[in-house]
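Asker: entry-v9.tsv is the file, holding TSV, C-alpha atoms:
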chain	number	residue	atom	x	y	z
Q	95	LEU	CA	9.64	1.27	12.82
Q	96	TRP	CA	6.06	2.54	13.03
Q	97	LEU	CA	7.51	5.67	14.70
Q	98	THR	CA	8.82	6.49	11.21
Q	99	TRP	CA	5.21	6.71	10.00
Q	100	ILE	CA	4.23	9.00	12.89
Q	101	ALA	CA	7.29	11.23	12.39
Q	102	ALA	CA	6.60	11.46	8.64
Q	103	LEU	CA	3.02	12.57	9.34
Q	104	PHE	CA	4.14	15.34	11.70
Q	105	TYR	CA	6.91	16.58	9.41
Q	106	LEU	CA	5.15	16.40	6.06
Q	107	LYS	CA	1.92	17.92	7.39
Q	108	THR	CA	3.61	21.33	7.39
Q	109	SER	CA	6.51	20.76	4.98
Q	110	VAL	CA	6.76	22.80	1.78
Q	111	PHE	CA	9.34	20.44	0.29
Q	112	ARG	CA	7.06	17.63	-0.92
Q	113	SER	CA	7.52	18.39	-4.61
Q	114	LEU	CA	11.27	18.66	-4.11
Q	115	PHE	CA	11.29	15.29	-2.34
Q	116	LYS	CA	9.46	13.59	-5.23
Q	117	GLN	CA	11.72	15.17	-7.84
Q	118	SER	CA	14.80	14.25	-5.83
Q	119	PHE	CA	13.57	10.66	-5.49
Q	120	VAL	CA	13.34	10.33	-9.27
Q	121	ALA	CA	16.67	12.09	-9.86
Q	122	TRP	CA	18.53	10.04	-7.25
Q	123	SER	CA	17.02	6.78	-8.55
Q	124	ALA	CA	18.21	7.60	-12.09
Q	125	LEU	CA	21.68	8.57	-10.82
Q	126	GLN	CA	21.91	5.45	-8.67
Q	127	ALA	CA	20.91	3.24	-11.61
Q	128	THR	CA	23.49	4.99	-13.81
Q	129	LEU	CA	26.28	4.47	-11.25
Q	130	ILE	CA	25.47	0.78	-10.91
Q	131	LEU	CA	25.34	0.36	-14.71
Q	132	VAL	CA	28.75	2.07	-15.01
Q	133	TYR	CA	30.14	-0.22	-12.32
Q	134	PHE	CA	28.98	-3.37	-14.13
Q	135	THR	CA	30.20	-2.01	-17.46
Q	136	PHE	CA	33.76	-1.23	-16.40
Q	137	SER	CA	34.58	-2.81	-13.03
Q	138	ASP	CA	32.60	-6.04	-12.95
Q	139	PRO	CA	31.60	-7.09	-16.50
Q	140	ILE	CA	28.48	-9.24	-16.66
Q	141	PRO	CA	29.25	-12.88	-17.58
Q	142	GLY	CA	27.47	-14.51	-20.46
Q	143	PHE	CA	25.33	-16.94	-18.49
Q	144	GLY	CA	23.33	-16.63	-15.31
Q	145	PHE	CA	24.12	-12.95	-15.02
Q	146	SER	CA	20.90	-12.10	-13.17
Q	147	GLN	CA	22.05	-13.84	-10.00
Q	148	HIS	CA	25.57	-12.52	-10.55
Q	149	ILE	CA	24.26	-8.95	-10.55
Q	150	ARG	CA	22.08	-9.52	-7.49
Q	151	ASP	CA	24.96	-11.05	-5.53
Q	152	SER	CA	27.38	-8.34	-6.65
Q	153	ILE	CA	25.01	-5.52	-5.67
Q	154	GLU	CA	24.65	-6.97	-2.18
Q	155	THR	CA	28.40	-7.58	-1.84
Q	156	HIS	CA	29.75	-4.30	-3.20
Q	157	PHE	CA	26.94	-1.82	-2.59
Q	158	HIS	CA	25.36	-3.44	0.52
Q	159	LEU	CA	21.92	-2.91	-0.98
Q	160	HIS	CA	19.11	-5.42	-1.38
Q	161	PRO	CA	18.58	-5.79	-5.18
Q	162	THR	CA	14.84	-6.25	-4.78
Q	163	PHE	CA	14.60	-3.01	-2.79
Q	164	LEU	CA	16.48	-1.26	-5.59
Q	165	ALA	CA	14.01	-2.68	-8.10
Q	166	VAL	CA	11.12	-1.39	-5.97
Q	167	ALA	CA	12.58	2.12	-5.71
Q	168	TRP	CA	13.41	2.30	-9.42
Q	169	SER	CA	10.00	0.93	-10.42
Q	170	TRP	CA	8.24	3.56	-8.34
Q	171	ALA	CA	10.52	6.27	-9.78
Q	172	ILE	CA	9.32	5.24	-13.26
Q	173	LEU	CA	5.69	5.47	-12.19
Q	174	LEU	CA	6.25	8.78	-10.40
Q	175	VAL	CA	7.61	10.25	-13.63
Q	176	TRP	CA	4.26	9.57	-15.28
Q	177	ILE	CA	2.01	10.40	-12.32
Q	178	GLU	CA	3.30	13.87	-11.51
Q	179	SER	CA	6.43	14.82	-13.44
Q	180	HIS	CA	6.47	17.89	-15.67
Q	181	LEU	CA	9.35	16.61	-17.80
Q	182	LYS	CA	8.89	16.62	-21.57
Q	183	ILE	CA	7.19	13.44	-22.68
Q	184	LEU	CA	10.09	12.20	-24.85
Q	185	LEU	CA	12.45	12.58	-21.87
Q	186	ARG	CA	9.99	10.62	-19.73
Q	187	ILE	CA	9.90	7.83	-22.33
Q	188	ALA	CA	13.72	7.70	-22.50
Q	189	LEU	CA	14.02	7.67	-18.71
Q	190	THR	CA	11.37	4.94	-18.49
Q	191	ILE	CA	13.16	2.67	-20.97
Q	192	PHE	CA	16.50	3.11	-19.17
Q	193	MET	CA	15.04	2.48	-15.72
Q	194	LEU	CA	13.06	-0.50	-17.02
Q	195	LEU	CA	16.32	-2.00	-18.25
Q	196	MET	CA	17.88	-1.54	-14.81
Q	197	VAL	CA	14.86	-3.02	-13.02
Q	198	THR	CA	15.17	-6.03	-15.32
Q	199	LEU	CA	18.88	-6.45	-14.60
Q	200	THR	CA	18.19	-6.68	-10.85
Q	201	GLY	CA	15.85	-9.59	-11.57
Q	202	GLY	CA	13.07	-8.49	-9.20
Q	203	LYS	CA	9.93	-10.36	-10.26
Q	204	MET	CA	7.30	-8.77	-8.00
Q	205	PRO	CA	8.49	-5.15	-8.49
Q	206	PHE	CA	8.36	-5.80	-12.26
Q	207	ILE	CA	4.79	-7.13	-11.99
Q	208	ALA	CA	3.72	-4.26	-9.70
Q	209	LEU	CA	5.29	-1.77	-12.11
Q	210	LEU	CA	3.40	-3.18	-15.09
Q	211	ALA	CA	0.06	-3.43	-13.25
Q	212	THR	CA	0.25	0.12	-11.86
Q	213	GLY	CA	1.56	1.41	-15.19
Q	214	LEU	CA	-1.52	0.05	-16.94
Q	215	VAL	CA	-3.74	1.88	-14.42
Q	216	ILE	CA	-1.87	5.14	-15.13
Q	217	LEU	CA	-2.13	4.70	-18.89
Q	218	ALA	CA	-5.83	3.89	-18.66
Q	219	PHE	CA	-6.98	6.60	-16.25
Q	220	HIS	CA	-4.44	9.45	-16.09
Q	221	LYS	CA	-6.15	12.59	-17.37
Q	222	ARG	CA	-2.95	14.45	-18.22
Q	223	ILE	CA	-1.90	11.99	-20.92
Q	224	SER	CA	-3.75	12.39	-24.22
Q	225	LEU	CA	-5.26	9.39	-25.99
Q	226	THR	CA	-2.73	9.66	-28.83
Q	227	TRP	CA	0.20	9.53	-26.44
Q	228	LYS	CA	-1.45	6.73	-24.45
Q	229	LEU	CA	-1.67	4.57	-27.58
Q	230	GLY	CA	1.87	5.46	-28.64
Q	231	ILE	CA	3.35	4.81	-25.20
Q	232	THR	CA	1.46	1.53	-24.93
Q	233	GLY	CA	2.96	0.36	-28.23
Q	234	ILE	CA	6.49	1.37	-27.21
Q	235	LEU	CA	6.18	-0.26	-23.80
Q	236	LEU	CA	4.78	-3.48	-25.27
Q	237	LEU	CA	7.86	-3.78	-27.46
Q	238	VAL	CA	10.27	-2.87	-24.63
Q	239	VAL	CA	8.60	-5.08	-22.02
Q	240	SER	CA	8.42	-8.02	-24.45
Q	241	ALA	CA	12.13	-7.67	-25.16
Q	242	LEU	CA	12.98	-7.39	-21.46
Q	243	ALA	CA	10.73	-10.30	-20.49
Q	244	LEU	CA	12.61	-12.49	-22.99
Q	245	SER	CA	16.03	-11.30	-21.82
Q	246	PRO	CA	18.18	-13.90	-20.05
Q	247	SER	CA	17.94	-11.94	-16.78
Q	248	MET	CA	14.17	-11.74	-16.42
Q	249	HIS	CA	13.48	-14.96	-18.32
Q	250	SER	CA	15.57	-16.95	-15.86
Q	251	ARG	CA	13.73	-15.35	-12.94
Q	252	PHE	CA	10.25	-16.11	-14.30
Q	253	GLN	CA	11.41	-19.59	-15.36
Q	254	GLU	CA	11.48	-20.35	-11.63
Q	255	ILE	CA	7.68	-20.27	-11.62
Q	256	SER	CA	7.32	-22.95	-14.32
Q	257	ASP	CA	10.00	-25.07	-12.59
Q	258	LEU	CA	8.39	-24.66	-9.19
Q	259	LYS	CA	8.96	-27.37	-6.57
Q	260	VAL	CA	6.04	-28.26	-4.33
Q	261	SER	CA	7.98	-30.82	-2.30
Q	262	PHE	CA	11.57	-30.63	-1.09
Q	263	GLU	CA	14.22	-33.28	-0.81
Q	264	GLU	CA	17.60	-33.03	0.82
Q	265	GLY	CA	20.22	-31.79	-1.64
Q	266	ASP	CA	17.77	-29.94	-3.93
Q	267	LEU	CA	18.95	-26.59	-5.27
Q	268	LEU	CA	16.12	-24.19	-4.53
Q	269	SER	CA	15.30	-20.97	-6.35
Q	270	SER	CA	14.02	-17.89	-4.53
Q	271	THR	CA	10.51	-18.83	-5.68
Q	272	ASP	CA	10.89	-22.39	-4.31
Q	273	LEU	CA	12.00	-20.94	-0.99
Q	274	ARG	CA	9.00	-18.63	-0.87
Q	275	VAL	CA	6.61	-21.50	-1.55
Q	276	GLY	CA	8.16	-23.38	1.37
Q	277	VAL	CA	7.89	-20.30	3.58
Q	278	TRP	CA	4.26	-19.68	2.60
Q	279	ARG	CA	3.34	-23.29	3.34
Q	280	CYS	CA	4.77	-22.82	6.83
Q	281	ASP	CA	2.92	-19.49	7.14
Q	282	LEU	CA	-0.37	-21.30	6.53
Q	283	THR	CA	0.53	-24.13	8.91
Q	284	VAL	CA	1.38	-21.75	11.77
Q	285	ILE	CA	-1.67	-19.56	11.07
Q	286	LYS	CA	-3.93	-22.63	11.30
Q	287	ASP	CA	-2.34	-23.59	14.62
Q	288	HIS	CA	-2.61	-20.04	16.05
Q	289	PHE	CA	-5.63	-18.77	14.14
Q	290	TRP	CA	-7.12	-16.40	16.73
Q	291	SER	CA	-4.21	-14.97	18.70
Q	292	GLY	CA	-1.11	-15.45	16.51
Q	293	VAL	CA	2.28	-16.17	18.05
Q	294	GLY	CA	3.36	-12.66	19.09
Q	295	ALA	CA	5.60	-10.13	17.36
Q	296	GLY	CA	8.87	-11.62	18.64
Q	297	ASN	CA	8.14	-15.30	18.03
Q	298	THR	CA	7.47	-15.63	14.32
Q	299	ARG	CA	11.00	-16.67	13.38
Q	300	ASP	CA	11.15	-19.42	16.00
Q	301	VAL	CA	7.85	-21.02	14.98
Q	302	LEU	CA	8.63	-20.72	11.26
Q	303	GLU	CA	12.09	-22.28	11.68
Q	304	ALA	CA	10.52	-25.14	13.65
Q	305	CYS	CA	8.33	-25.72	10.60
Q	306	TYR	CA	11.30	-25.44	8.20
Q	307	GLU	CA	12.96	-28.35	9.98
Q	308	GLY	CA	10.37	-30.62	8.38
Q	309	TYR	CA	11.83	-29.88	4.93
Q	310	SER	CA	15.30	-31.29	5.69
Q	311	GLN	CA	16.68	-28.42	3.61
Q	312	VAL	CA	19.66	-26.41	4.83
Q	313	GLU	CA	18.77	-23.52	2.47
Q	314	PHE	CA	15.87	-22.52	4.73
Q	315	PHE	CA	18.41	-21.77	7.47
Q	316	GLU	CA	21.05	-19.95	5.40
Q	317	GLY	CA	19.13	-16.69	5.72
Q	318	GLU	CA	16.60	-15.20	8.11
Q	319	TYR	CA	13.44	-16.19	6.28
Q	320	ASN	CA	10.44	-14.39	7.73
Q	321	SER	CA	6.89	-14.89	6.41
Q	322	HIS	CA	7.71	-13.08	3.11
Q	323	ASN	CA	4.13	-11.84	2.95
Q	324	GLN	CA	3.02	-8.76	4.85
Q	325	PHE	CA	-0.57	-9.94	5.15
Q	326	ALA	CA	0.53	-13.28	6.61
Q	327	HIS	CA	2.92	-11.47	8.95
Q	328	PHE	CA	0.13	-9.53	10.66
Q	329	TRP	CA	-1.91	-12.71	11.04
Q	330	LEU	CA	1.09	-14.59	12.45
Q	331	THR	CA	1.94	-11.89	14.97
Q	332	GLY	CA	-1.50	-10.80	16.15
Q	333	GLY	CA	-4.02	-13.35	14.93
Q	334	VAL	CA	-7.09	-12.90	12.77
Q	335	PHE	CA	-8.07	-9.54	14.31
Q	336	SER	CA	-4.62	-8.09	13.57
Q	337	PHE	CA	-4.97	-9.28	9.97
Q	338	ILE	CA	-8.45	-7.73	9.65
Q	339	ALA	CA	-7.22	-4.45	11.19
Q	340	PHE	CA	-4.43	-4.24	8.62
Q	341	ILE	CA	-6.82	-4.96	5.73
Q	342	LEU	CA	-9.23	-2.28	6.99
Q	343	TYR	CA	-6.36	0.19	7.32
Q	344	VAL	CA	-5.32	-0.30	3.70
Q	345	LEU	CA	-8.94	-0.22	2.48
Q	346	TRP	CA	-9.49	3.02	4.44
Q	347	LEU	CA	-6.59	4.62	2.57
Q	348	PHE	CA	-7.98	3.33	-0.75
Q	349	ARG	CA	-11.35	4.87	0.20
Q	350	ILE	CA	-9.69	8.23	0.95
Q	351	SER	CA	-7.94	8.17	-2.42
Q	352	TRP	CA	-11.22	7.34	-4.18
Q	353	ILE	CA	-13.39	9.92	-2.39
Q	354	HIS	CA	-10.90	12.74	-2.90
Q	355	GLN	CA	-9.96	11.62	-6.43
Q	356	ASN	CA	-6.38	11.36	-5.22
Q	357	PHE	CA	-4.86	9.54	-8.19
Q	358	PRO	CA	-1.20	9.53	-6.98
Q	359	LEU	CA	-2.20	7.97	-3.64
Q	360	PHE	CA	-4.40	5.42	-5.42
Q	361	CYS	CA	-1.49	4.37	-7.68
Q	362	PHE	CA	0.94	4.14	-4.77
Q	363	LEU	CA	-1.48	1.93	-2.81
Q	364	ILE	CA	-1.88	-0.42	-5.78
Q	365	PHE	CA	1.89	-0.63	-6.23
Q	366	PHE	CA	2.62	-1.19	-2.54
Q	367	SER	CA	-0.24	-3.68	-2.05
Q	368	LEU	CA	1.30	-5.85	-4.77
Q	369	ILE	CA	4.91	-5.80	-3.60
Q	370	ILE	CA	3.98	-6.77	-0.02
Q	371	PHE	CA	2.70	-10.13	-1.28
Q	372	THR	CA	6.29	-11.39	-1.41
Q	373	GLU	CA	8.18	-9.28	1.17
Q	374	ASN	CA	7.61	-7.92	4.68
Q	375	TYR	CA	8.31	-4.28	3.91
Q	376	PHE	CA	6.92	-3.03	7.22
Q	377	SER	CA	9.61	-5.04	8.99
Q	378	ARG	CA	12.38	-3.26	7.09
Q	379	GLN	CA	13.65	0.29	7.44
Q	380	PHE	CA	13.53	0.81	3.67
Q	381	GLY	CA	9.93	-0.40	3.43
Q	382	MET	CA	8.68	1.60	6.39
Q	383	MET	CA	10.31	4.82	5.17
Q	384	PHE	CA	9.12	4.21	1.60
Q	385	TRP	CA	5.53	3.74	2.80
Q	386	SER	CA	5.59	6.53	5.40
Q	387	PHE	CA	6.95	9.29	3.20
Q	388	PHE	CA	4.86	8.64	0.11
Q	389	VAL	CA	1.56	7.99	1.88
Q	390	ALA	CA	2.06	11.15	3.94
Q	391	ILE	CA	3.06	13.17	0.85
Q	392	PHE	CA	0.03	12.09	-1.14
Q	393	ALA	CA	-2.62	11.78	1.61
Q	394	LEU	CA	-2.06	14.99	3.58
Q	395	PRO	CA	-3.36	18.31	2.20
Q	396	GLU	CA	-0.51	20.28	0.65
Q	397	ARG	CA	0.57	23.41	2.43
Q	398	LYS	CA	0.61	26.54	0.30
Q	399	VAL	CA	3.86	28.51	0.30
Please, can you express the file's structure as structure tokens?
Answerer:
Amino acid sequence: LWLTWIAALFYLKTSVFRSLFKQSFVAWSALQATLILVYFTFSDPIPGFGFSQHIRDSIETHFHLHPTFLAVAWSWAILLVWIESHLKILLRIALTIFMLLMVTLTGGKMPFIALLATGLVILAFHKRISLTWKLGITGILLLVVSALALSPSMHSRFQEISDLKVSFEEGDLLSSTDLRVGVWRCDLTVIKDHFWSGVGAGNTRDVLEACYEGYSQVEFFEGEYNSHNQFAHFWLTGGVFSFIAFILYVLWLFRISWIHQNFPLFCFLIFFSLIIFTENYFSRQFGMMFWSFFVAIFALPERKV
């Protein structure tokens, strides 16, 4: 998948379609969200209780899309509207509220957190947004986010954190957060056992599943649960030096964004650095393409037409 990154660098270095790509990303995200909302409105009405998981399962079944990946794409589309879009500000606010609603319905916790954190950075430091609008938008978003955070969909997802299990017994019903805690505990166990060299790129699943057997929980074997943390993944596969190399790579990009005052790249790096705490996006086609295209678009000098 790293070939995607190399190909993106070669193509976007000379491409004159970067602005069109960013605009199309926002437009397609909005259209995609609208189509899914229409589907749930007319073809698969949302039940009264537990509809967050219902939506997530239905999206995977009928659209063959990972709901968390959708939440990531839609969250970044919201941020992109404020970073670079030339749409009228009222249209941007309306689009933001609609897309926020759709992100909430997918129930993605980490994309929601990354969206809010990066959004605060944009509101605080973006030079194109006047102070008056910053204050007004902050007030509107506080009301919208508060309402969404208390909605049954997002509330049930964040409730998992307060109901977190730190030990597992056979027969327990585990939430996605419980599963991640179990996975992360195994990540740390394997990292301690293979601190310097890791276990190799093709062996992480075997060693993690050997650790999962200690939980006596069938749910850890119902899906292919990798390390669910990109930082841990590099340590697991290549040891401490692989982990340090990855950290230096990300810090190097942050340094480039800071030196060149590249605000869009800086925002993207913040957003992506947060979402990789709970998913291995570099092990997925979506994640690798998402990273490759936007880093290349923002980091490479733009070619003049």
Asker: Quick one: distance from CA of Val389 in chain Q to CA of Gln324 in chain Q in Å, one decimal?
Answerer: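 About the pair CA of Val389 in chain Q and CA of Gln324 in chain Q: they are 17.1 Å apart.
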Asker: Using only C-alpha atoms, which residue out of Q:Phe392, Q:Tyr306, Q:Phe136, Q:Trp385 lies closest to Leu359 in chain Q?
Answerer: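 Answer, going by the shortest atom-to-atom distance: Q:Phe392.
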Asker: List as a PyMOL selection string the protein and nucleic acid residues near Asp300 in chain Q, meaning an atom at most 12 Å away when all atoms listed in the file are counted, but skip any in the same chain fewer than 3 places from it.
Answerer: chain Q and resi 280+284+293-297+303-307+315+318-321+330-331
Asker: So which one's closest to Glu373 in chain Q, Q:Val166, Q:Ile391, Q:Ala218, Q:Leu181? Using all atoms listed in the file, please.
Answerer: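 Among the listed residues, Q:Val166 lies closest to Glu373 in chain Q.
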Asker: Which of these residues is nearest to Asn323 in chain Q, using only C-alpha atoms: Q:Trp227, Q:Phe388, Q:Phe134, Q:Trp278?
Answerer: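 Counting only C-alpha atoms, the residue closest to Asn323 in chain Q is Q:Trp278.
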Asker: Considering all atoms listed in the file, state which residue in the set Q:Gln147, Q:Thr232, Q:Ser377, Q:Thr98 is at the smallest distance from Ser269 in chain Q.
Answerer: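 Checking each candidate against Ser269 in chain Q, we get Q:Gln147 as the closest.
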Asker: For a test of reading the model, state the distance in Å between CA of Met383 in chain Q and CA of Phe362 in chain Q, rounded to one decimal.
Answerer: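 A separation of 13.7 Å between them.
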Asker: Taking all atoms listed in the file into account, name the residue in Q:Leu199, Q:Val215, Q:Thr372, Q:Leu363 that is nearest to Thr271 in chain Q.
Answerer: Q:Thr372
Asker: Here is a test: counting only C-alpha atoms, which residue of Q:Trp290, Q:Tyr133, Q:Trp176, Q:Phe337 is nearest to Val120 in chain Q?
Answerer: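 Residue with the minimum atom-to-atom distance to Val120 in chain Q: Q:Trp176.
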Asker: Neighbourhood query: residues within 12 Å of (-7.0, 5.7, -3.9), file coordinates, counting only C-alpha atoms; return as a list in words.
Answerer: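 Output: Val215, Val344, Leu345, Trp346, Leu347, Phe348, Arg349, Ile350, Ser351, Trp352, Ile353, His354, Gln355, Asn356, Phe357, Pro358, Leu359, Phe360, Cys361, Phe362, Leu363, Ile364, Phe365, Phe366, Ser367, Val389, Phe392 and Ala393 of chain Q.
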Asker: In Å, with one decimal, what is the gap from CA of Phe376 in chain Q to CA of Arg299 in chain Q?
Answerer: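 CA of Arg299 in chain Q lies 15.5 Å from CA of Phe376 in chain Q.
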Asker: Set the distance at 10 Å and use only C-alpha atoms: which residues neighbour Ala165 in chain Q once local chain neighbours fewer than 5 positions away are removed? I'd like the list as a list in words.
Answerer: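 Contacts, in chain order: Ser123, Ala127, His160, Trp170, Ala171, Met193, Leu194, Met196, Val197, Thr198, Leu199, Thr200, Gly201, Gly202, Lys203, Met204, Pro205, Phe206 and Leu209 of chain Q.
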Asker: Rebuild range 158-174 of chain Q to N, CA, C and O atoms - output it as an mmCIF file, in the coordinates of the input, please.
Answerer:
data_model
loop_
_atom_site.group_PDB
_atom_site.id
_atom_site.type_symbol
_atom_site.label_atom_id
_atom_site.label_comp_id
_atom_site.auth_asym_id
_atom_site.auth_seq_id
_atom_site.Cartn_x
_atom_site.Cartn_y
_atom_site.Cartn_z
ATOM 1 N N HIS Q 158 26.078 -3.181 -0.737
ATOM 2 C CA HIS Q 158 25.360 -3.440 0.520
ATOM 3 C C HIS Q 158 23.903 -2.982 0.421
ATOM 4 O O HIS Q 158 23.352 -2.384 1.352
ATOM 5 N N LEU Q 159 23.316 -3.241 -0.726
ATOM 6 C CA LEU Q 159 21.920 -2.910 -0.980
ATOM 7 C C LEU Q 159 21.176 -4.172 -1.393
ATOM 8 O O LEU Q 159 21.723 -5.023 -2.098
ATOM 9 N N HIS Q 160 19.927 -4.286 -0.972
ATOM 10 C CA HIS Q 160 19.110 -5.420 -1.380
ATOM 11 C C HIS Q 160 18.628 -5.168 -2.813
ATOM 12 O O HIS Q 160 17.960 -4.160 -3.080
ATOM 13 N N PRO Q 161 18.955 -6.044 -3.778
ATOM 14 C CA PRO Q 161 18.580 -5.790 -5.180
ATOM 15 C C PRO Q 161 17.084 -5.646 -5.399
ATOM 16 O O PRO Q 161 16.654 -4.866 -6.257
ATOM 17 N N THR Q 162 16.284 -6.378 -4.625
ATOM 18 C CA THR Q 162 14.840 -6.250 -4.780
ATOM 19 C C THR Q 162 14.358 -4.877 -4.310
ATOM 20 O O THR Q 162 13.458 -4.285 -4.916
ATOM 21 N N PHE Q 163 14.973 -4.347 -3.254
ATOM 22 C CA PHE Q 163 14.600 -3.010 -2.790
ATOM 23 C C PHE Q 163 14.965 -1.962 -3.833
ATOM 24 O O PHE Q 163 14.235 -0.984 -4.030
ATOM 25 N N LEU Q 164 16.111 -2.154 -4.496
ATOM 26 C CA LEU Q 164 16.480 -1.260 -5.590
ATOM 27 C C LEU Q 164 15.435 -1.307 -6.693
ATOM 28 O O LEU Q 164 15.025 -0.278 -7.233
ATOM 29 N N ALA Q 165 15.018 -2.519 -7.049
ATOM 30 C CA ALA Q 165 14.010 -2.680 -8.100
ATOM 31 C C ALA Q 165 12.713 -1.992 -7.723
ATOM 32 O O ALA Q 165 12.043 -1.387 -8.570
ATOM 33 N N VAL Q 166 12.334 -2.065 -6.444
ATOM 34 C CA VAL Q 166 11.120 -1.390 -5.970
ATOM 35 C C VAL Q 166 11.253 0.119 -6.117
ATOM 36 O O VAL Q 166 10.362 0.789 -6.648
ATOM 37 N N ALA Q 167 12.376 0.669 -5.638
ATOM 38 C CA ALA Q 167 12.580 2.120 -5.710
ATOM 39 C C ALA Q 167 12.604 2.598 -7.156
ATOM 40 O O ALA Q 167 11.980 3.610 -7.504
ATOM 41 N N TRP Q 168 13.322 1.885 -8.019
ATOM 42 C CA TRP Q 168 13.410 2.300 -9.420
ATOM 43 C C TRP Q 168 12.073 2.159 -10.136
ATOM 44 O O TRP Q 168 11.720 2.991 -10.971
ATOM 45 N N SER Q 169 11.325 1.118 -9.808
ATOM 46 C CA SER Q 169 10.000 0.930 -10.420
ATOM 47 C C SER Q 169 9.074 2.079 -10.038
ATOM 48 O O SER Q 169 8.335 2.615 -10.877
ATOM 49 N N TRP Q 170 9.098 2.461 -8.757
ATOM 50 C CA TRP Q 170 8.240 3.560 -8.340
ATOM 51 C C TRP Q 170 8.703 4.874 -8.950
ATOM 52 O O TRP Q 170 7.879 5.746 -9.275
ATOM 53 N N ALA Q 171 10.011 5.056 -9.129
ATOM 54 C CA ALA Q 171 10.520 6.270 -9.780
ATOM 55 C C ALA Q 171 9.967 6.379 -11.203
ATOM 56 O O ALA Q 171 9.594 7.469 -11.657
ATOM 57 N N ILE Q 172 9.901 5.246 -11.910
ATOM 58 C CA ILE Q 172 9.320 5.240 -13.260
ATOM 59 C C ILE Q 172 7.865 5.700 -13.212
ATOM 60 O O ILE Q 172 7.433 6.554 -13.992
ATOM 61 N N LEU Q 173 7.110 5.135 -12.286
ATOM 62 C CA LEU Q 173 5.690 5.470 -12.190
ATOM 63 C C LEU Q 173 5.499 6.921 -11.764
ATOM 64 O O LEU Q 173 4.598 7.612 -12.267
ATOM 65 N N LEU Q 174 6.353 7.397 -10.873
ATOM 66 C CA LEU Q 174 6.250 8.780 -10.400
ATOM 67 C C LEU Q 174 6.487 9.769 -11.534
ATOM 68 O O LEU Q 174 5.872 10.849 -11.576
#
